[in-house]
Every structure is written in structure tokens, then in C-alpha cells.
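Engineer: Shown below is the structure under consideration.
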Amino acid sequence: MFDGREPIYVQIAEAIRGEILSGALQEGEQVMSTTQYATTYRINPATAAKAFAELVDEGVLYKQRGVGMFVTDGAAARLRTKGSDSFFAERLSPVLREAAHLGITTEQLVSYITDQHPTGGTDR
Amino acid sequence: MNVTLEDVSVRFPDTLALDTVSLDWSEGRIHGLLGRNGAGKSTLLSLIAAGRRPTSGTVRVEGQDPWERGMLTERICLVREGGDLIDEEPISDTLGMLETLRPTFDRAYADDLLESFGLRPKAKLNTLSRGQRSTVGAIVGLATRAPLTLLDEVHLGMDAPTRQRFYDELIADYAENPRTYVISSHLIAELEPIVETVTILRAGSLLLQAEADDVRTRGLTLTGPAATVTELAQGLPVIGSRDLGPTRQLTLFGELAATDLERARAADVEIGAVPLQDLFIHLTEEDPR
């Protein structure tokens, strides 16, 4: 599950953000404990704890002492705002650069999007 | 318990087993000790467990020299391949002995582990397979619950499912009972997600000590037109190179500046990850010995 150049804790945090965005993790829902996370994914518990700490700092998760970690109300909306900023810079730009190399014109791109994804990213 | 080595050398009659090694293992973490066979891993661990003294330099556990300091060494557990176990006796006798010798030994946990790994308490050690003996060693390492636990290639002979079970047990127990672990191995891919720091020995010398996350971020490959790739890699330690026609792939160990990363992307140079296992192979393949 963990590969790439990112530290494992960054990958875990990203996976949890993804679950919140997709609705797999609902607001107010309890997330796995660091121990459960560590044993399930076979990683060091400190690494899991680091990921949770990052998400707490971002206001995505909150800690209830003695009970566990929960998804903050409004977490999905907050992640969506943050995610759409980086979407253009980090995801779309490289794709468009590649499109340019392949000689794909802006018109072709636009007509592909309007034909195949008429409602943009919200057509799931 | 934290461990500090300063300029530690161990000289054997015909070889320098450790050459001025200095390192720090902080308390309460799982440290990985990597190196090829003969790199000095076992020698280093036996110094910490007071099994031998360095020719020069200092070894400190909790700031104290562990040599002949029983109060300290009873809290240090070194498990070597097949070591420290009574061959002709049933496993349960060995566990009974450990129970009296080790203040932190958890007999009930040891018995649970024996059962879950499918080992009979009455079995004599010398009737077991190599893998089963290693498993007994691993069980001793876990159940001793020593504040400083050193596992020296404890997985040898275990089959893959048994190793995985062992790692699972280790993580679960460590989460409940945090302590300091040093685990030596050359099965890096398996160990990678578990360890927090990585220490690599090569031919008796310390090659690297770093946070596992940093090591992961530091290794990268650049793949693209030979001239561009070579230029981007200038000034960085190149540890591997491969050419395929006009395309070159360089494996680097170092940080690439943000501007260089941007330039690489713009120049169609592909940036890839280097698994710790590959880094290890690159870093240790040219053995100076």
C-alpha cells in the first residue's frame, strides 16, 4: 500500500483525506485508533500517530480524550476548498503540459470535457 | 532505553569488525540496523548487550557502560539466531528460566505466543526446525518485554507467513508496551514500514543513520534525455546509472532543489521513487573490504 517518495505518514494522511472526501468516512464518525491503524496496515504506530497529528492540526480530525479520534464537522468542505486549489497547480498543469507535447489543442480538450464529463468533476 | 556509541572500534586478530562507529538510538522507538552479511551488525549489538567490549570508544545505555552492570543488562534483551536457549530442554523450561532471570518477562504472553505460532511447550529445542527455533527466539524477544530489545536477524529460517505474523505481533505488542527496539535484518522491504530510523553499516563503518521517512524522500531516480539528466544531477551523489539508448536513468541520494524539480518536470524528466531496498543495494554494493 505504501510506496512512492512521500513519507508513509503523509500517505496515510492523504488516504484519510480521500476517505473523508469520498464520504467513506462521515463527519462525526470515529476513525481507527493508531494501534488499529498500525496493526491493520503493518506500520509503526508512531507513524500512524504522526499522520493523525497532522490531520488534527489541519482541523480535519479532533481528539476526544480517552475515546478516540473523530472527523470534524465541516471537514469535507474544508478539504474540498484546499483540494481544488492544488488540483489545478499540481494535477491539471502536468496533464496539460503533456497534452501540449502530444499536440492536443485546447479545442480538443474542451470538447472532450464537454462531451465526456458534461458536469465537470461532479458527475459521479 | 537510549543507546549511544562514540567512536567505537572492535578489532579482531585479522580484521577491523567495527571502525569508529558513532550513533544514537533514542528511547521508545523501533530502529532498523541494516547491512550485508559481515558488515558488523552482530558485533555492534553484542557490545550493547555487554556480550563483548569495544577495542576503543564508548558504549552507553542510558548514559552508562553496560559492561558487567547487571542492573542494566537485565533490562537489555538480545536475541541472536538460535542463541541463549537451552537445546536439550523443553521450551517451557527455557521460559521458566527466563521468568526467574528477567524481571519484565511475561510468561502468560509467552505461552499465548507459543500456542498461536503452533509450538508445543514440551517440545525440545533440538527437535525443532531452524524456522521454529527462530520463532522461539522471536517469542523470547517479545515476551521478555525488555526496555531495550535487540533482535539480531531473528527472522532467519522463518517462512514468509510466520515472519508476517511475527511483525504483526511485534507492532501490536509495541503499541501496547512501548520500548526501544533495534532490529537487524537484510530483509529491508519487510522491515521498512515498521522502523522509524535506519542505520546502515558497510564493512564495519557507519554508512548512514537517518529517519526512515527522510531516507525515503532522499532517494530518487531521474529518467530522461542523457544530457539533461546528467546536468540536473550535478553536485548530487549519484549512486546508480543506467542507459537505454538516448535515455538515462540516474539514481540519486540527496535533495533536489525545488527549482531543479520544476526544471526536471518541464524538461520531461521523469522523477521516480527508490524503494529503501534498492537504495540499500546501491549504497552497499561496492564493498571496500
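Chain labels A, B, ... are given in the sequence in which chains occur in the C-alpha cells; within each chain residues are numbered consecutively from 1, and ligands are likewise numbered from 1 in the order shown.
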Per residue of chain A within 7 Å of chain B, what are the shortest atom pair and its distance in Å to one decimal, counting only C-alpha atoms, with rows by chain and residue number, as a Markdown table?

Structural biologist:
| residue | atom | partner | partner_atom | distance |
| --- | --- | --- | --- | --- |
| A:Gly4 | CA | B:Ala273 | CA | 5.1 |
| A:Arg5 | CA | B:Ala273 | CA | 4.9 |
| A:Glu6 | CA | B:Thr217 | CA | 6.1 |
| A:Pro7 | CA | B:Asp213 | CA | 4.8 |
| A:Ile8 | CA | B:Asp213 | CA | 7.0 |
| A:Thr35 | CA | B:Ala175 | CA | 5.9 |
| A:Ala38 | CA | B:Ile171 | CA | 6.9 |
| A:Thr39 | CA | B:Ala172 | CA | 6.0 |
| A:Arg42 | CA | B:Asp168 | CA | 6.5 |
| A:Ile43 | CA | B:Ile194 | CA | 4.9 |
| A:Asn44 | CA | B:Ile194 | CA | 4.6 |
| A:Pro45 | CA | B:Ala175 | CA | 6.1 |

Engineer: Could the residues in this selection be written to a file with C-alpha atoms, as an mmCIF file, in the first residue's frame?

Structural biologist:
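Result file follows (part-v3.cif):
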data_model
loop_
_atom_site.group_PDB
_atom_site.id
_atom_site.type_symbol
_atom_site.label_atom_id
_atom_site.label_comp_id
_atom_site.auth_asym_id
_atom_site.auth_seq_id
_atom_site.Cartn_x
_atom_site.Cartn_y
_atom_site.Cartn_z
ATOM 1 C CA GLY A 4 6.416 6.464 -3.689
ATOM 2 C CA ARG A 5 8.686 9.133 -2.331
ATOM 3 C CA GLU A 6 6.326 10.533 0.245
ATOM 4 C CA PRO A 7 6.898 9.634 3.884
ATOM 5 C CA ILE A 8 4.434 6.944 4.992
ATOM 6 C CA THR A 35 -2.913 0.939 17.217
ATOM 7 C CA ALA A 38 -0.679 0.276 12.765
ATOM 8 C CA THR A 39 -1.692 -3.371 13.043
ATOM 9 C CA ARG A 42 1.540 -3.147 9.390
ATOM 10 C CA ILE A 43 3.272 0.096 10.118
ATOM 11 C CA ASN A 44 4.908 1.657 13.120
ATOM 12 C CA PRO A 45 2.296 3.109 15.498
#

Engineer: Give me, as a VMD selection string, all polymer residues having an atom no more than 6 Å from region 67-77 of chain A, counting only C-alpha atoms and skipping those fewer than 3 positions away in the same chain.

Structural biologist: chain A and resid 20 to 21 27 to 31 60 to 64 80

Engineer: What is the CA of Phe280 (chain B) to CA of Gln209 (chain B) distance in Å?

Structural biologist: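 Between CA of Phe280 (chain B) and CA of Gln209 (chain B) the gap works out to 12.3 Å.
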
Engineer: Can you tell me, as an mmCIF file with all heavy atoms, in the first residue's frame, what residues are no more than 12 Å from Ala53 (chain A) when counting only C-alpha atoms, ignoring any on the same chain fewer than 2 positions away?

Structural biologist:
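Result file is part.cif:
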data_model
loop_
_atom_site.group_PDB
_atom_site.id
_atom_site.type_symbol
_atom_site.label_atom_id
_atom_site.label_comp_id
_atom_site.auth_asym_id
_atom_site.auth_seq_id
_atom_site.Cartn_x
_atom_site.Cartn_y
_atom_site.Cartn_z
ATOM 1 N N TYR A 9 3.712 8.597 6.665
ATOM 2 C CA TYR A 9 2.661 9.323 7.379
ATOM 3 C C TYR A 9 1.909 10.287 6.459
ATOM 4 O O TYR A 9 0.712 10.496 6.616
ATOM 5 C CB TYR A 9 3.226 10.034 8.618
ATOM 6 C CG TYR A 9 3.925 11.336 8.370
ATOM 7 C CD1 TYR A 9 3.231 12.531 8.437
ATOM 8 C CD2 TYR A 9 5.275 11.377 8.072
ATOM 9 C CE1 TYR A 9 3.873 13.745 8.202
ATOM 10 C CE2 TYR A 9 5.919 12.563 7.834
ATOM 11 C CZ TYR A 9 5.227 13.747 7.899
ATOM 12 O OH TYR A 9 5.852 14.930 7.656
ATOM 13 N N VAL A 10 2.623 10.835 5.483
ATOM 14 C CA VAL A 10 1.974 11.725 4.520
ATOM 15 C C VAL A 10 0.968 10.931 3.678
ATOM 16 O O VAL A 10 -0.140 11.390 3.400
ATOM 17 C CB VAL A 10 3.029 12.401 3.615
ATOM 18 C CG1 VAL A 10 2.358 13.231 2.527
ATOM 19 C CG2 VAL A 10 3.955 13.276 4.440
ATOM 20 N N ILE A 12 -0.569 8.196 4.602
ATOM 21 C CA ILE A 12 -1.712 7.826 5.437
ATOM 22 C C ILE A 12 -2.673 9.005 5.540
ATOM 23 O O ILE A 12 -3.887 8.863 5.358
ATOM 24 C CB ILE A 12 -1.259 7.424 6.858
ATOM 25 C CG1 ILE A 12 -0.405 6.169 6.801
ATOM 26 C CG2 ILE A 12 -2.459 7.204 7.769
ATOM 27 C CD1 ILE A 12 0.265 5.854 8.131
ATOM 28 N N ALA A 13 -2.114 10.191 5.834
ATOM 29 C CA ALA A 13 -2.954 11.385 5.964
ATOM 30 C C ALA A 13 -3.743 11.605 4.681
ATOM 31 O O ALA A 13 -4.936 11.898 4.710
ATOM 32 C CB ALA A 13 -2.085 12.599 6.289
ATOM 33 N N THR A 34 -4.665 4.669 16.492
ATOM 34 C CA THR A 34 -3.322 4.483 15.930
ATOM 35 C C THR A 34 -2.919 3.013 15.995
ATOM 36 O O THR A 34 -2.304 2.493 15.065
ATOM 37 C CB THR A 34 -2.266 5.320 16.676
ATOM 38 O OG1 THR A 34 -2.545 5.284 18.061
ATOM 39 C CG2 THR A 34 -2.231 6.736 16.205
ATOM 40 N N ALA A 46 3.926 4.921 15.727
ATOM 41 C CA ALA A 46 4.341 6.327 15.763
ATOM 42 C C ALA A 46 4.080 7.008 14.424
ATOM 43 O O ALA A 46 3.756 8.193 14.358
ATOM 44 C CB ALA A 46 5.814 6.434 16.133
ATOM 45 N N THR A 47 4.236 6.231 13.348
ATOM 46 C CA THR A 47 3.996 6.772 12.012
ATOM 47 C C THR A 47 2.519 7.107 11.835
ATOM 48 O O THR A 47 2.160 8.172 11.314
ATOM 49 C CB THR A 47 4.423 5.749 10.941
ATOM 50 O OG1 THR A 47 5.769 5.364 11.202
ATOM 51 C CG2 THR A 47 4.332 6.329 9.554
ATOM 52 N N ALA A 48 1.652 6.202 12.302
ATOM 53 C CA ALA A 48 0.209 6.455 12.230
ATOM 54 C C ALA A 48 -0.144 7.673 13.081
ATOM 55 O O ALA A 48 -0.923 8.539 12.651
ATOM 56 C CB ALA A 48 -0.557 5.221 12.690
ATOM 57 N N ALA A 49 0.466 7.756 14.258
ATOM 58 C CA ALA A 49 0.187 8.874 15.162
ATOM 59 C C ALA A 49 0.572 10.212 14.513
ATOM 60 O O ALA A 49 -0.108 11.221 14.684
ATOM 61 C CB ALA A 49 0.927 8.692 16.477
ATOM 62 N N LYS A 50 1.688 10.191 13.752
ATOM 63 C CA LYS A 50 2.156 11.397 13.074
ATOM 64 C C LYS A 50 1.122 11.871 12.050
ATOM 65 O O LYS A 50 0.858 13.067 11.923
ATOM 66 C CB LYS A 50 3.469 11.067 12.352
ATOM 67 C CG LYS A 50 4.613 12.014 12.625
ATOM 68 C CD LYS A 50 5.919 11.321 12.334
ATOM 69 C CE LYS A 50 6.852 12.092 11.469
ATOM 70 N NZ LYS A 50 8.061 11.327 11.138
ATOM 71 N N ALA A 51 0.546 10.915 11.334
ATOM 72 C CA ALA A 51 -0.471 11.255 10.332
ATOM 73 C C ALA A 51 -1.691 11.874 11.010
ATOM 74 O O ALA A 51 -2.218 12.896 10.561
ATOM 75 C CB ALA A 51 -0.878 10.010 9.553
ATOM 76 N N LEU A 55 -3.498 15.701 10.743
ATOM 77 C CA LEU A 55 -4.903 15.943 10.423
ATOM 78 C C LEU A 55 -5.609 16.714 11.534
ATOM 79 O O LEU A 55 -6.528 17.491 11.270
ATOM 80 C CB LEU A 55 -5.608 14.613 10.139
ATOM 81 C CG LEU A 55 -5.112 13.888 8.872
ATOM 82 C CD1 LEU A 55 -5.654 12.474 8.799
ATOM 83 C CD2 LEU A 55 -5.487 14.666 7.614
ATOM 84 N N VAL A 56 -5.173 16.513 12.772
ATOM 85 C CA VAL A 56 -5.722 17.295 13.882
ATOM 86 C C VAL A 56 -5.319 18.763 13.710
ATOM 87 O O VAL A 56 -6.134 19.671 13.855
ATOM 88 C CB VAL A 56 -5.255 16.745 15.247
ATOM 89 C CG1 VAL A 56 -5.582 17.723 16.368
ATOM 90 C CG2 VAL A 56 -5.910 15.390 15.523
ATOM 91 N N ASP A 57 -4.038 18.984 13.345
ATOM 92 C CA ASP A 57 -3.556 20.348 13.113
ATOM 93 C C ASP A 57 -4.350 21.031 12.011
ATOM 94 O O ASP A 57 -4.588 22.240 12.050
ATOM 95 C CB ASP A 57 -2.070 20.341 12.730
ATOM 96 C CG ASP A 57 -1.184 20.055 13.934
ATOM 97 O OD1 ASP A 57 -1.725 20.073 15.059
ATOM 98 O OD2 ASP A 57 0.023 19.802 13.749
ATOM 99 N N GLU A 58 -4.736 20.262 10.998
ATOM 100 C CA GLU A 58 -5.491 20.838 9.883
ATOM 101 C C GLU A 58 -6.957 21.062 10.228
ATOM 102 O O GLU A 58 -7.708 21.619 9.427
ATOM 103 C CB GLU A 58 -5.432 19.900 8.669
ATOM 104 C CG GLU A 58 -4.117 19.926 7.953
ATOM 105 C CD GLU A 58 -4.060 18.868 6.853
ATOM 106 O OE1 GLU A 58 -5.124 18.357 6.446
ATOM 107 O OE2 GLU A 58 -2.943 18.545 6.424
ATOM 108 N N GLY A 59 -7.368 20.553 11.398
ATOM 109 C CA GLY A 59 -8.769 20.682 11.769
ATOM 110 C C GLY A 59 -9.672 19.675 11.081
ATOM 111 O O GLY A 59 -10.886 19.833 11.042
ATOM 112 N N VAL A 60 -9.081 18.623 10.531
ATOM 113 C CA VAL A 60 -9.858 17.597 9.833
ATOM 114 C C VAL A 60 -10.347 16.542 10.833
ATOM 115 O O VAL A 60 -11.442 16.017 10.714
ATOM 116 C CB VAL A 60 -8.999 16.953 8.724
ATOM 117 C CG1 VAL A 60 -9.697 15.754 8.121
ATOM 118 C CG2 VAL A 60 -8.700 17.989 7.638
ATOM 119 N N LEU A 61 -9.499 16.242 11.808
ATOM 120 C CA LEU A 61 -9.866 15.308 12.868
ATOM 121 C C LEU A 61 -9.790 16.044 14.204
ATOM 122 O O LEU A 61 -9.083 17.041 14.323
ATOM 123 C CB LEU A 61 -8.893 14.116 12.928
ATOM 124 C CG LEU A 61 -8.757 13.193 11.724
ATOM 125 C CD1 LEU A 61 -7.771 12.075 12.048
ATOM 126 C CD2 LEU A 61 -10.096 12.605 11.311
ATOM 127 N N TYR A 62 -10.538 15.560 15.172
ATOM 128 C CA TYR A 62 -10.340 16.065 16.528
ATOM 129 C C TYR A 62 -10.278 14.889 17.485
ATOM 130 O O TYR A 62 -10.797 13.804 17.213
ATOM 131 C CB TYR A 62 -11.428 17.066 16.923
ATOM 132 C CG TYR A 62 -12.811 16.468 17.094
ATOM 133 C CD1 TYR A 62 -13.268 16.067 18.347
ATOM 134 C CD2 TYR A 62 -13.650 16.312 15.996
ATOM 135 C CE1 TYR A 62 -14.539 15.520 18.497
ATOM 136 C CE2 TYR A 62 -14.915 15.769 16.133
ATOM 137 C CZ TYR A 62 -15.357 15.366 17.391
ATOM 138 O OH TYR A 62 -16.593 14.824 17.535
ATOM 139 N N LYS A 63 -9.594 15.171 18.582
ATOM 140 C CA LYS A 63 -9.333 14.113 19.542
ATOM 141 C C LYS A 63 -10.279 14.267 20.721
ATOM 142 O O LYS A 63 -10.478 15.364 21.222
ATOM 143 C CB LYS A 63 -7.890 14.287 20.034
ATOM 144 C CG LYS A 63 -7.313 13.073 20.738
ATOM 145 C CD LYS A 63 -5.965 13.431 21.336
ATOM 146 C CE LYS A 63 -4.894 12.453 20.914
ATOM 147 N NZ LYS A 63 -3.549 12.981 21.111
ATOM 148 N N MET A 69 -10.364 9.368 18.009
ATOM 149 C CA MET A 69 -10.315 10.450 17.014
ATOM 150 C C MET A 69 -11.592 10.434 16.189
ATOM 151 O O MET A 69 -12.090 9.378 15.811
ATOM 152 C CB MET A 69 -9.170 10.202 16.045
ATOM 153 C CG MET A 69 -7.827 10.213 16.687
ATOM 154 S SD MET A 69 -7.248 11.895 16.779
ATOM 155 C CE MET A 69 -5.535 11.545 17.040
#

Engineer: How would you write, as number ranges by chain, the set of residues in region 9-62 of chain A that DSSP gives as helix (DSSP H, G or I)?

Structural biologist: A: 9-22, 34-41, 45-57

Engineer: Quick one: distance from CA of Thr149 (chain B) to CA of Met32 (chain A) in Å, one decimal?

Structural biologist: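 Separating CA of Thr149 (chain B) from CA of Met32 (chain A) is a distance of 27.8 Å.
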
Engineer: Pick the closest to Glu270 (chain B) from A:Gly23, A:Pro118, A:Gly103, A:Pro94: which is it, counting only C-alpha atoms?

Structural biologist: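 Smallest distance to Glu270 (chain B) is found for A:Pro94.
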
Engineer: Measuring atom to atom with only C-alpha atoms, identify which of B:Thr228, B:Thr43, B:Thr251, B:Gln132 is nearest to Leu16 (chain B).

Structural biologist: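 Nearest candidate to Leu16 (chain B) out of B:Thr228, B:Thr43, B:Thr251, B:Gln132: B:Thr43.
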
Engineer: So that I can check the surroundings of Leu207 (chain B), please list as JSON, numbers by chain every protein, DNA and RNA residue that reaches within 9 Å of it, counting only C-alpha atoms and ignoring chain neighbours fewer than 3 positions away.

Structural biologist: {"B": [199, 200, 201, 202, 283, 284]}

Engineer: If you keep C-alpha atoms, can you produce a file of those selected residues as a short mmCIF file (atom, residue, chain, number, x, y, z; two decimals), in the first residue's frame?

Structural biologist:
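Output saved as part_16.cif:
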data_model
loop_
_atom_site.label_atom_id
_atom_site.label_comp_id
_atom_site.auth_asym_id
_atom_site.auth_seq_id
_atom_site.Cartn_x
_atom_site.Cartn_y
_atom_site.Cartn_z
CA THR B 199 21.16 2.71 10.33
CA ILE B 200 23.30 1.16 7.63
CA LEU B 201 26.67 -0.45 8.27
CA ARG B 202 29.09 -1.22 5.49
CA LEU B 283 24.70 2.07 -1.23
CA THR B 284 26.28 -1.18 -0.11
#

Engineer: Residues at most 9 Å from Gly157 (chain B), counting only C-alpha atoms, excluding those fewer than 4 positions away in the same chain, as a list in words?

Structural biologist: Ser129, Arg130, Gly131, Gln132, Arg133, Ser134 and Thr135 of chain B

Engineer: Save out the residues we just selected, all heavy atoms, as a PDB file, in the first residue's frame.

Structural biologist:
ATOM      1  N   SER B 129      12.725 -27.356  13.755  1.00  0.00           N
ATOM      2  CA  SER B 129      13.360 -26.880  12.525  1.00  0.00           C
ATOM      3  C   SER B 129      14.027 -25.532  12.810  1.00  0.00           C
ATOM      4  O   SER B 129      13.750 -24.888  13.828  1.00  0.00           O
ATOM      5  CB  SER B 129      12.324 -26.712  11.418  1.00  0.00           C
ATOM      6  OG  SER B 129      11.500 -25.586  11.696  1.00  0.00           O
ATOM      7  N   ARG B 130      14.844 -25.091  11.856  1.00  0.00           N
ATOM      8  CA  ARG B 130      15.534 -23.814  12.019  1.00  0.00           C
ATOM      9  C   ARG B 130      14.531 -22.675  12.180  1.00  0.00           C
ATOM     10  O   ARG B 130      14.680 -21.797  13.034  1.00  0.00           O
ATOM     11  CB  ARG B 130      16.400 -23.575  10.788  1.00  0.00           C
ATOM     12  CG  ARG B 130      17.281 -22.365  10.899  1.00  0.00           C
ATOM     13  CD  ARG B 130      18.012 -22.155   9.600  1.00  0.00           C
ATOM     14  NE  ARG B 130      19.011 -21.107   9.756  1.00  0.00           N
ATOM     15  CZ  ARG B 130      19.462 -20.360   8.751  1.00  0.00           C
ATOM     16  NH1 ARG B 130      18.993 -20.550   7.534  1.00  0.00           N
ATOM     17  NH2 ARG B 130      20.369 -19.427   8.957  1.00  0.00           N
ATOM     18  N   GLY B 131      13.490 -22.714  11.349  1.00  0.00           N
ATOM     19  CA  GLY B 131      12.471 -21.663  11.402  1.00  0.00           C
ATOM     20  C   GLY B 131      11.744 -21.650  12.733  1.00  0.00           C
ATOM     21  O   GLY B 131      11.460 -20.592  13.297  1.00  0.00           O
ATOM     22  N   GLN B 132      11.452 -22.854  13.250  1.00  0.00           N
ATOM     23  CA  GLN B 132      10.758 -22.937  14.544  1.00  0.00           C
ATOM     24  C   GLN B 132      11.647 -22.430  15.673  1.00  0.00           C
ATOM     25  O   GLN B 132      11.174 -21.768  16.601  1.00  0.00           O
ATOM     26  CB  GLN B 132      10.325 -24.378  14.818  1.00  0.00           C
ATOM     27  CG  GLN B 132       9.160 -24.822  13.956  1.00  0.00           C
ATOM     28  CD  GLN B 132       8.852 -26.300  14.124  1.00  0.00           C
ATOM     29  OE1 GLN B 132       9.770 -27.137  14.154  1.00  0.00           O
ATOM     30  NE2 GLN B 132       7.584 -26.632  14.236  1.00  0.00           N
ATOM     31  N   ARG B 133      12.929 -22.756  15.583  1.00  0.00           N
ATOM     32  CA  ARG B 133      13.862 -22.245  16.606  1.00  0.00           C
ATOM     33  C   ARG B 133      13.903 -20.722  16.571  1.00  0.00           C
ATOM     34  O   ARG B 133      13.910 -20.062  17.613  1.00  0.00           O
ATOM     35  CB  ARG B 133      15.270 -22.799  16.373  1.00  0.00           C
ATOM     36  CG  ARG B 133      15.402 -24.278  16.638  1.00  0.00           C
ATOM     37  CD  ARG B 133      16.768 -24.761  16.177  1.00  0.00           C
ATOM     38  NE  ARG B 133      17.832 -24.093  16.914  1.00  0.00           N
ATOM     39  CZ  ARG B 133      18.475 -24.655  17.924  1.00  0.00           C
ATOM     40  NH1 ARG B 133      18.191 -25.880  18.292  1.00  0.00           N
ATOM     41  NH2 ARG B 133      19.416 -24.002  18.557  1.00  0.00           N
ATOM     42  N   SER B 134      13.939 -20.173  15.356  1.00  0.00           N
ATOM     43  CA  SER B 134      13.929 -18.710  15.229  1.00  0.00           C
ATOM     44  C   SER B 134      12.660 -18.136  15.840  1.00  0.00           C
ATOM     45  O   SER B 134      12.688 -17.084  16.474  1.00  0.00           O
ATOM     46  CB  SER B 134      13.998 -18.289  13.759  1.00  0.00           C
ATOM     47  OG  SER B 134      15.230 -18.650  13.221  1.00  0.00           O
ATOM     48  N   THR B 135      11.543 -18.844  15.637  1.00  0.00           N
ATOM     49  CA  THR B 135      10.279 -18.370  16.185  1.00  0.00           C
ATOM     50  C   THR B 135      10.333 -18.350  17.711  1.00  0.00           C
ATOM     51  O   THR B 135       9.860 -17.398  18.342  1.00  0.00           O
ATOM     52  CB  THR B 135       9.107 -19.249  15.698  1.00  0.00           C
ATOM     53  OG1 THR B 135       9.156 -19.303  14.272  1.00  0.00           O
ATOM     54  CG2 THR B 135       7.774 -18.680  16.132  1.00  0.00           C
TER      55      THR B 135
END

Engineer: Between B:Val21, B:Thr144, B:Leu45, B:Val79, single out the one closest to Ala110 (chain B), counting only C-alpha atoms.

Structural biologist: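 Going through B:Val21, B:Thr144, B:Leu45, B:Val79 one by one, the smallest distance to Ala110 (chain B) is for B:Thr144.
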
Engineer: Give me the residues near Leu252 (chain B) as a PyMOL selection string, where near means some atom within 7 Å (using only C-alpha atoms) and where sequence neighbours in that chain fewer than 3 positions away do not count.

Structural biologist: chain B and resi 219-221+236-239

Engineer: Could you write those residues out with N, CA, C and O atoms, as a short mmCIF file (atom, residue, chain, number, x, y, z; two decimals), in the first residue's frame?

Structural biologist:
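Result went into result23.cif, see below:
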data_model
loop_
_atom_site.label_atom_id
_atom_site.label_comp_id
_atom_site.auth_asym_id
_atom_site.auth_seq_id
_atom_site.Cartn_x
_atom_site.Cartn_y
_atom_site.Cartn_z
N GLY B 219 16.01 9.46 -1.62
CA GLY B 219 16.37 8.67 -2.80
C GLY B 219 15.43 8.99 -3.95
O GLY B 219 14.23 9.08 -3.75
N LEU B 220 15.97 9.22 -5.12
CA LEU B 220 15.10 9.42 -6.27
C LEU B 220 15.79 9.01 -7.56
O LEU B 220 17.01 8.94 -7.62
N THR B 221 15.01 8.71 -8.56
CA THR B 221 15.57 8.43 -9.87
C THR B 221 15.14 9.54 -10.82
O THR B 221 14.04 10.07 -10.71
N LEU B 236 25.08 16.27 -7.00
CA LEU B 236 24.38 15.36 -6.09
C LEU B 236 25.01 13.97 -6.16
O LEU B 236 25.52 13.57 -7.21
N PRO B 237 25.00 13.26 -5.03
CA PRO B 237 25.60 11.93 -5.05
C PRO B 237 24.81 10.95 -5.92
O PRO B 237 23.67 10.61 -5.62
N VAL B 238 25.42 10.55 -7.02
CA VAL B 238 24.80 9.57 -7.92
C VAL B 238 25.24 8.18 -7.48
O VAL B 238 26.42 7.90 -7.37
N ILE B 239 24.27 7.34 -7.19
CA ILE B 239 24.64 6.00 -6.69
C ILE B 239 24.28 4.90 -7.68
O ILE B 239 24.54 3.74 -7.44
#
